[in-house]
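First up is the structure itself, then whatever we jot down about it.
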Amino acid sequence: MTEQEIIEITNRVFEESFELEKEKLKPEAQIFTDLGLDSLDIVDLVAALQKNFGVNMRNEEEIRNIRTLQDVYNFISAIKEREVTN
Amino acid sequence: MKRVVITGVGAVTPLGGSVDALIQGMELRKSAVCFMEEWSRYCGMSSHVAAPAKLKDEKNIPRQKRRSMGRMSIFAAQAAEQALADSGIKSDDISNRTGCIIGSTTGSAGSISRAFEIMLFEKDLSRLPSSMFFQGMSHTAAINVAQYLGLTGCVMATSAACASSLQAIGTGYEFIRSGRQDVLLCGGAEELHPSVTGSFDVVFAASVKYNQTPQKTPRPFDEDRDGLVCGEGSGILVLEEYEHAVQRGAGIYAEITGYGTCGSGSHISQSDKSSIIRCINETLNDARTAPDEIDYINAHATGTVQGDKEEAAAIGKLFGDSVPVSSLKGYIGHTLGASGAIELIASLIMMEKGIIYPTLNLDGTGPDCRGINHVKKPLKKEINTVLKNCFAFGGVNASLVCRKHIA
């Protein structure tokens, strides 16, 4: 999976799950402040990302460090890379 | 004891998304009942009729407020918003003595069904949306309305199936009367689901003979009635302490003067006239009102063979044939936990307009429902006092008396 594909799928999840406009989905956008998500939204975000990327990430400690949209892209990339390595 | 008045009303019903739409529909004698084609796939289900309400403009509710709302809570939030606007209460006026009491039979049936589909078939709890539980809880309509409107007073749900919203209004009346709250948004909400109609179908209480002519059913008090038809929606009334309402110059629809609720203690699904009589008597006593002072009875009458007979017998025993009686189920079906509130709102508008809307589909009164004053065509009448009845599975009865407010 290419980086561009990860960005596209992730952005689509944000658009569909949280009714956000495309223009707001900039890599540097802060998930809690700029995009307005809260703790319950994060539960739904994880569920939607798991479904769309076919991965299990609910118990990943790294999730707690995510702040921006770019962090989400990086997080997915790392999981996908680890999948390939394993 | 404080006095309790109604200063705002709001409704989403099968006849439309406002109180005006409900009244216009009844004036035109419209039935909102239709054939539910998709229900024929359920084996063992014979009733394929219902009165759906239209889900509309739900995206006006901000996403983070909406995510915990199932269908019924969206109806409730919209009705509550209308009621609050109608009362003239602004968000700045909302204090810690402003709350809501809103009932329903269960939590959102559609949401509960989807949650169990995920659990039982997909067997993967990580797929459950975070807000699914909030949509399915028994007090879902009350909590969602409170969160949406920022209500910080008493937040409570009554759950007594078809008597839920009348119990909510009655409980709100008690809270304000005793001085514990100033303003309470009270009512009920319900949503259509095959499991809901199915619950009546299995005990032969749902209408099954009119699937091809849906607007001919339900037929309250009629000789050819064969059961109820489920509807959905929400009705919310703003109950307010009298002095509080007067001080802010609020318009007043009516004063609630009496309330009663009791159990039959006799049968889980069948209502009985003796406990209905007891309930109405308790209500009239609370209202210090004699039977001959009641100008209109808005009946529960859902169109079931047994229930209508018992209610007619109870009304006949207490009022004879002197007081006009009508049921609104022929227009909007039985909105179950929302019915008491929606039909009380309609009754208050009838009081305002001085007209009684007739029982739709009552063509020939059933021999077992005779002896009371059935309204079969629009009746112009000055209405000063209304009695509203609701009876529920489990032998739960509730009645309420409202008196026109004379400024």
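Identifiers in this document derive from the order of the structure tokens: chains are assigned A, B, ..., residues are numbered from 1 separately in each chain, and ligands are numbered from 1 in order of occurrence.
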Interface rows for chain B against chain A: nearest pair, Å to one decimal, 7 Å, only C-alpha atoms, as CSV:
residue,atom,partner,partner_atom,distance
B:Ser126,CA,A:Ala47,CA,6.4
B:Arg127,CA,A:Ala47,CA,5.8
B:Pro129,CA,A:Asp44,CA,5.8
B:Ser130,CA,A:Asp44,CA,6.0
For the selection just defined, write its residues with all heavy atoms to a file, as a compact mmCIF listing (two decimals), in the first residue's frame.
# COMPACT_ATOMS: atom_id res chain seq x y z
N SER B 126 -15.40 -5.07 18.62
CA SER B 126 -14.63 -3.88 18.25
C SER B 126 -15.32 -3.10 17.13
O SER B 126 -14.95 -1.98 16.83
CB SER B 126 -13.21 -4.25 17.84
OG SER B 126 -13.23 -4.91 16.59
N ARG B 127 -16.30 -3.72 16.52
CA ARG B 127 -17.05 -3.02 15.45
C ARG B 127 -18.21 -2.21 15.99
O ARG B 127 -18.88 -1.49 15.23
CB ARG B 127 -17.60 -4.04 14.44
CG ARG B 127 -16.53 -4.58 13.52
CD ARG B 127 -17.10 -5.63 12.59
NE ARG B 127 -16.05 -6.09 11.72
CZ ARG B 127 -16.02 -5.89 10.41
NH1 ARG B 127 -16.99 -5.23 9.82
NH2 ARG B 127 -15.03 -6.34 9.68
N PRO B 129 -20.07 0.76 17.28
CA PRO B 129 -19.82 2.20 17.39
C PRO B 129 -19.89 2.65 18.86
O PRO B 129 -20.65 2.09 19.64
CB PRO B 129 -20.95 2.83 16.58
CG PRO B 129 -21.44 1.75 15.69
CD PRO B 129 -21.22 0.47 16.42
N SER B 130 -19.10 3.65 19.20
CA SER B 130 -19.01 4.08 20.60
C SER B 130 -20.35 4.54 21.15
O SER B 130 -20.59 4.44 22.35
CB SER B 130 -18.00 5.22 20.71
OG SER B 130 -18.48 6.35 20.00
What's the 6 Å shell around region 67-71 of chain A, counting only C-alpha atoms, without same-chain residues fewer than 5 positions away, as a compact mmCIF listing (two decimals) with N, CA and C atoms, in the first residue's frame?
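Okay, part-v9.txt is ready:
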# COMPACT_ATOMS: atom_id res chain seq x y z
N PRO A 27 -2.46 17.69 6.61
CA PRO A 27 -1.62 16.80 7.44
C PRO A 27 -1.33 17.38 8.82
N GLU A 28 -1.16 18.71 8.88
CA GLU A 28 -0.80 19.31 10.16
C GLU A 28 -2.02 19.56 11.06
N ALA A 29 -3.23 19.25 10.57
CA ALA A 29 -4.44 19.52 11.36
C ALA A 29 -4.43 18.72 12.67
N GLN A 30 -4.68 19.41 13.77
CA GLN A 30 -4.75 18.77 15.09
C GLN A 30 -6.10 18.07 15.20
N ILE A 31 -6.09 16.80 15.55
CA ILE A 31 -7.33 16.02 15.54
C ILE A 31 -8.35 16.55 16.55
Selection near Glu3 (chain A), 12 Å with only C-alpha atoms, sequence-local residues under 2 positions removed, as a PDB file with C-alpha atoms, in the first residue's frame:
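See part32.pdb below for the written result:
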ATOM      1  CA  MET A   1       0.000   0.000   0.000  1.00  0.00           C
ATOM      2  CA  GLU A   5      -3.378   5.320  -0.701  1.00  0.00           C
ATOM      3  CA  ILE A   6      -3.059   5.516   3.084  1.00  0.00           C
ATOM      4  CA  ILE A   7      -3.724   9.264   2.962  1.00  0.00           C
ATOM      5  CA  GLU A   8      -6.737   8.848   0.693  1.00  0.00           C
ATOM      6  CA  ILE A   9      -8.351   6.083   2.736  1.00  0.00           C
ATOM      7  CA  THR A  10      -7.677   7.875   6.032  1.00  0.00           C
ATOM      8  CA  GLN A  70       0.002  13.218   9.720  1.00  0.00           C
ATOM      9  CA  VAL A  72      -2.428   8.976  11.798  1.00  0.00           C
ATOM     10  CA  TYR A  73      -0.840   8.450   8.354  1.00  0.00           C
ATOM     11  CA  ASN A  74       2.492   7.592   9.999  1.00  0.00           C
ATOM     12  CA  PHE A  75       0.831   5.267  12.484  1.00  0.00           C
ATOM     13  CA  ILE A  76      -0.954   3.310   9.723  1.00  0.00           C
ATOM     14  CA  SER A  77       2.223   3.183   7.619  1.00  0.00           C
ATOM     15  CA  ALA A  78       4.167   1.749  10.538  1.00  0.00           C
ATOM     16  CA  LYS A  80       1.428  -1.826   7.464  1.00  0.00           C
ATOM     17  CA  GLU A  81       5.235  -1.964   7.253  1.00  0.00           C
TER      18      GLU A  81
END
Within 8 Å of Met69 (chain B), counting only C-alpha atoms, which residues show up once you throw out same-chain ones fewer than 2 positions away? Write them as a PDB file with N, CA and C atoms, in the first residue's frame, please.
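Output (result_34.pdb):
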ATOM      1  N   LYS B  65     -23.704  15.861  19.026  1.00  0.00           N
ATOM      2  CA  LYS B  65     -24.941  15.692  19.789  1.00  0.00           C
ATOM      3  C   LYS B  65     -25.782  14.582  19.170  1.00  0.00           C
ATOM      4  N   ARG B  66     -25.683  14.454  17.843  1.00  0.00           N
ATOM      5  CA  ARG B  66     -26.523  13.502  17.111  1.00  0.00           C
ATOM      6  C   ARG B  66     -26.029  12.072  17.201  1.00  0.00           C
ATOM      7  N   ARG B  67     -24.723  11.882  17.406  1.00  0.00           N
ATOM      8  CA  ARG B  67     -24.151  10.529  17.307  1.00  0.00           C
ATOM      9  C   ARG B  67     -24.730   9.564  18.350  1.00  0.00           C
ATOM     10  N   ARG B  71     -33.111   6.804  16.090  1.00  0.00           N
ATOM     11  CA  ARG B  71     -34.240   7.469  15.405  1.00  0.00           C
ATOM     12  C   ARG B  71     -35.182   8.166  16.404  1.00  0.00           C
ATOM     13  N   MET B  72     -35.537   7.482  17.472  1.00  0.00           N
ATOM     14  CA  MET B  72     -36.519   8.062  18.407  1.00  0.00           C
ATOM     15  C   MET B  72     -35.972   9.299  19.115  1.00  0.00           C
ATOM     16  N   SER B  73     -34.666   9.305  19.379  1.00  0.00           N
ATOM     17  CA  SER B  73     -34.090  10.463  20.073  1.00  0.00           C
ATOM     18  C   SER B  73     -34.010  11.671  19.144  1.00  0.00           C
ATOM     19  N   ILE B  74     -33.826  11.422  17.860  1.00  0.00           N
ATOM     20  CA  ILE B  74     -33.856  12.541  16.907  1.00  0.00           C
ATOM     21  C   ILE B  74     -35.255  13.154  16.888  1.00  0.00           C
ATOM     22  N   PHE B 134     -25.548   4.321  23.956  1.00  0.00           N
ATOM     23  CA  PHE B 134     -26.330   5.509  24.333  1.00  0.00           C
ATOM     24  C   PHE B 134     -27.651   5.565  23.553  1.00  0.00           C
ATOM     25  N   GLN B 135     -27.640   4.992  22.367  1.00  0.00           N
ATOM     26  CA  GLN B 135     -28.875   4.969  21.564  1.00  0.00           C
ATOM     27  C   GLN B 135     -29.854   3.915  22.066  1.00  0.00           C
ATOM     28  N   THR B 140     -32.743   6.840  26.705  1.00  0.00           N
ATOM     29  CA  THR B 140     -32.024   7.487  25.596  1.00  0.00           C
ATOM     30  C   THR B 140     -32.662   8.807  25.155  1.00  0.00           C
ATOM     31  N   ALA B 141     -33.976   8.870  25.074  1.00  0.00           N
ATOM     32  CA  ALA B 141     -34.613  10.109  24.594  1.00  0.00           C
ATOM     33  C   ALA B 141     -34.380  11.234  25.600  1.00  0.00           C
ATOM     34  N   ASN B 144     -30.622  12.394  25.636  1.00  0.00           N
ATOM     35  CA  ASN B 144     -30.234  13.095  24.403  1.00  0.00           C
ATOM     36  C   ASN B 144     -30.859  14.483  24.317  1.00  0.00           C
TER      37      ASN B 144
END
- Message: Using only C-alpha atoms, which protein or nucleic acid residues come within 10 Å of Ile297 (chain B)? Drop anything in the same chain fewer than 5 positions from it, and give the result as a list in words.
- Response: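 Once the nearby chain positions are removed, what remains is Ile315, Phe319, Val323, Pro324, Val325, Ser326, Ser327, Ser347, Ile356, Asn373, His374, Thr385, Val386, Leu387, Lys388, Asn389 and Val401 of chain B.
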Would you save the residues of that selection, restricted to N, CA, C and O atoms, as a PDB file, in the first residue's frame?
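Output below, filename out18.pdb:
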ATOM      1  N   ILE B 315     -65.623   4.287  30.496  1.00  0.00           N
ATOM      2  CA  ILE B 315     -66.112   5.656  30.230  1.00  0.00           C
ATOM      3  C   ILE B 315     -67.630   5.697  30.395  1.00  0.00           C
ATOM      4  O   ILE B 315     -68.188   6.616  30.995  1.00  0.00           O
ATOM      5  N   PHE B 319     -69.203   8.305  32.829  1.00  0.00           N
ATOM      6  CA  PHE B 319     -69.690   9.526  32.147  1.00  0.00           C
ATOM      7  C   PHE B 319     -70.989   9.308  31.388  1.00  0.00           C
ATOM      8  O   PHE B 319     -71.547  10.265  30.843  1.00  0.00           O
ATOM      9  N   VAL B 323     -70.395  12.882  27.569  1.00  0.00           N
ATOM     10  CA  VAL B 323     -69.142  13.564  27.226  1.00  0.00           C
ATOM     11  C   VAL B 323     -68.603  13.061  25.885  1.00  0.00           C
ATOM     12  O   VAL B 323     -68.451  11.852  25.696  1.00  0.00           O
ATOM     13  N   PRO B 324     -68.316  13.962  24.944  1.00  0.00           N
ATOM     14  CA  PRO B 324     -67.770  13.517  23.650  1.00  0.00           C
ATOM     15  C   PRO B 324     -66.428  12.799  23.829  1.00  0.00           C
ATOM     16  O   PRO B 324     -65.590  13.235  24.617  1.00  0.00           O
ATOM     17  N   VAL B 325     -66.281  11.703  23.071  1.00  0.00           N
ATOM     18  CA  VAL B 325     -65.078  10.867  23.162  1.00  0.00           C
ATOM     19  C   VAL B 325     -64.530  10.660  21.759  1.00  0.00           C
ATOM     20  O   VAL B 325     -65.286  10.338  20.838  1.00  0.00           O
ATOM     21  N   SER B 326     -63.222  10.843  21.566  1.00  0.00           N
ATOM     22  CA  SER B 326     -62.626  10.413  20.297  1.00  0.00           C
ATOM     23  C   SER B 326     -61.231   9.884  20.534  1.00  0.00           C
ATOM     24  O   SER B 326     -60.592  10.179  21.544  1.00  0.00           O
ATOM     25  N   SER B 327     -60.790   9.059  19.572  1.00  0.00           N
ATOM     26  CA  SER B 327     -59.431   8.507  19.588  1.00  0.00           C
ATOM     27  C   SER B 327     -58.734   8.985  18.323  1.00  0.00           C
ATOM     28  O   SER B 327     -59.353   9.073  17.261  1.00  0.00           O
ATOM     29  N   SER B 347     -55.153  17.491  21.775  1.00  0.00           N
ATOM     30  CA  SER B 347     -56.336  17.851  22.573  1.00  0.00           C
ATOM     31  C   SER B 347     -56.276  19.315  23.007  1.00  0.00           C
ATOM     32  O   SER B 347     -57.304  19.999  23.064  1.00  0.00           O
ATOM     33  N   ILE B 356     -63.642  19.390  18.154  1.00  0.00           N
ATOM     34  CA  ILE B 356     -63.185  18.036  18.487  1.00  0.00           C
ATOM     35  C   ILE B 356     -63.029  17.250  17.185  1.00  0.00           C
ATOM     36  O   ILE B 356     -63.970  17.162  16.385  1.00  0.00           O
ATOM     37  N   ASN B 373     -70.504   8.721  24.087  1.00  0.00           N
ATOM     38  CA  ASN B 373     -70.744   9.737  23.057  1.00  0.00           C
ATOM     39  C   ASN B 373     -69.589   9.790  22.056  1.00  0.00           C
ATOM     40  O   ASN B 373     -68.686  10.616  22.168  1.00  0.00           O
ATOM     41  N   HIS B 374     -69.619   8.865  21.060  1.00  0.00           N
ATOM     42  CA  HIS B 374     -68.555   8.823  20.055  1.00  0.00           C
ATOM     43  C   HIS B 374     -68.641  10.018  19.109  1.00  0.00           C
ATOM     44  O   HIS B 374     -69.723  10.328  18.605  1.00  0.00           O
ATOM     45  N   THR B 385     -62.313  21.613  29.803  1.00  0.00           N
ATOM     46  CA  THR B 385     -61.625  20.573  30.576  1.00  0.00           C
ATOM     47  C   THR B 385     -61.506  19.297  29.736  1.00  0.00           C
ATOM     48  O   THR B 385     -62.485  18.845  29.152  1.00  0.00           O
ATOM     49  N   VAL B 386     -60.305  18.764  29.696  1.00  0.00           N
ATOM     50  CA  VAL B 386     -60.031  17.567  28.897  1.00  0.00           C
ATOM     51  C   VAL B 386     -59.520  16.452  29.794  1.00  0.00           C
ATOM     52  O   VAL B 386     -58.709  16.693  30.697  1.00  0.00           O
ATOM     53  N   LEU B 387     -59.970  15.241  29.509  1.00  0.00           N
ATOM     54  CA  LEU B 387     -59.406  14.057  30.174  1.00  0.00           C
ATOM     55  C   LEU B 387     -58.653  13.252  29.125  1.00  0.00           C
ATOM     56  O   LEU B 387     -59.198  12.943  28.062  1.00  0.00           O
ATOM     57  N   LYS B 388     -57.385  12.911  29.403  1.00  0.00           N
ATOM     58  CA  LYS B 388     -56.599  12.082  28.484  1.00  0.00           C
ATOM     59  C   LYS B 388     -56.289  10.750  29.150  1.00  0.00           C
ATOM     60  O   LYS B 388     -55.833  10.718  30.294  1.00  0.00           O
ATOM     61  N   ASN B 389     -56.525   9.664  28.418  1.00  0.00           N
ATOM     62  CA  ASN B 389     -56.256   8.319  28.938  1.00  0.00           C
ATOM     63  C   ASN B 389     -55.118   7.635  28.194  1.00  0.00           C
ATOM     64  O   ASN B 389     -54.982   7.807  26.974  1.00  0.00           O
ATOM     65  N   VAL B 401     -55.906  15.283  33.656  1.00  0.00           N
ATOM     66  CA  VAL B 401     -56.926  16.313  33.375  1.00  0.00           C
ATOM     67  C   VAL B 401     -56.247  17.658  33.177  1.00  0.00           C
ATOM     68  O   VAL B 401     -55.362  18.040  33.952  1.00  0.00           O
TER      69      VAL B 401
END
#### Entry: Shell of 9 Å around region 10-19 of chain B, only C-alpha atoms, local chain residues under 2 positions omitted, as a PyMOL selection string
chain B and resi 8+21-26+30-33+51-56+75-76+78-86+231-238+331-333+335+341-342+345-346+349
Worksheet entry | region 165-358 of chain B: residues DSSP assigns to helix (DSSP H, G or I), reported as number ranges by chain | B: 165-177, 194-201, 214-216, 242-247, 273-286, 291-293, 305-319, 329-332, 336-353
Computed gap from CA of Ile66 (chain A) to CA of Glu21 (chain A) is 20.6 Å
Query raised in the report: Which of region 99-211 of chain B counts as strand (DSSP E or B) under DSSP, as a list in words please?
Result: Gly99, Cys100, Ile101, Ile102, Gly103, Val155, Met156, Val183, Leu184, Leu185, Cys186, Gly187, Gly188, Ala189, Glu190 and Ala206 of chain B
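In terms of minimum interatomic distance to Ala313 (chain B), B:Pro367 ranks closest within B:Pro367, B:Gly103, B:Gly153, B:Gly249, counting only C-alpha atoms.
Of the listed residues (B:Glu27, B:Glu38, B:Glu190, B:Glu122), B:Glu190 comes nearest to Ser108 (chain B); the distances count only C-alpha atoms.
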Distance CA of Gly364 (chain B)-CA of Asn298 (chain B), one decimal place?
->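 Answer for the CA of Gly364 (chain B) to CA of Asn298 (chain B) separation: 19.0 Å.
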Item to complete: Determine, counting only C-alpha atoms, which protein, DNA and RNA residues have an atom within 8 Å of an atom of Val208 (chain B); residues of the same chain fewer than 3 positions away are not included. Present the result as JSON, numbers by chain.
Response: {"B": [46, 47, 48, 49, 211, 226, 227]}
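Comparing the minimum interatomic distances between Glu382 (chain B) and each of B:Ala50, B:Leu336, B:Met350, B:Leu344, counting only C-alpha atoms, we find that B:Met350 sits nearest.
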*Point out the residue among B:His193, B:Arg180, B:Lys353, B:Lys209 with the least atom-to-atom distance to Met1 (chain B), counting only C-alpha atoms.*
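Residue with the minimum atom-to-atom distance to Met1 (chain B): B:Arg180.
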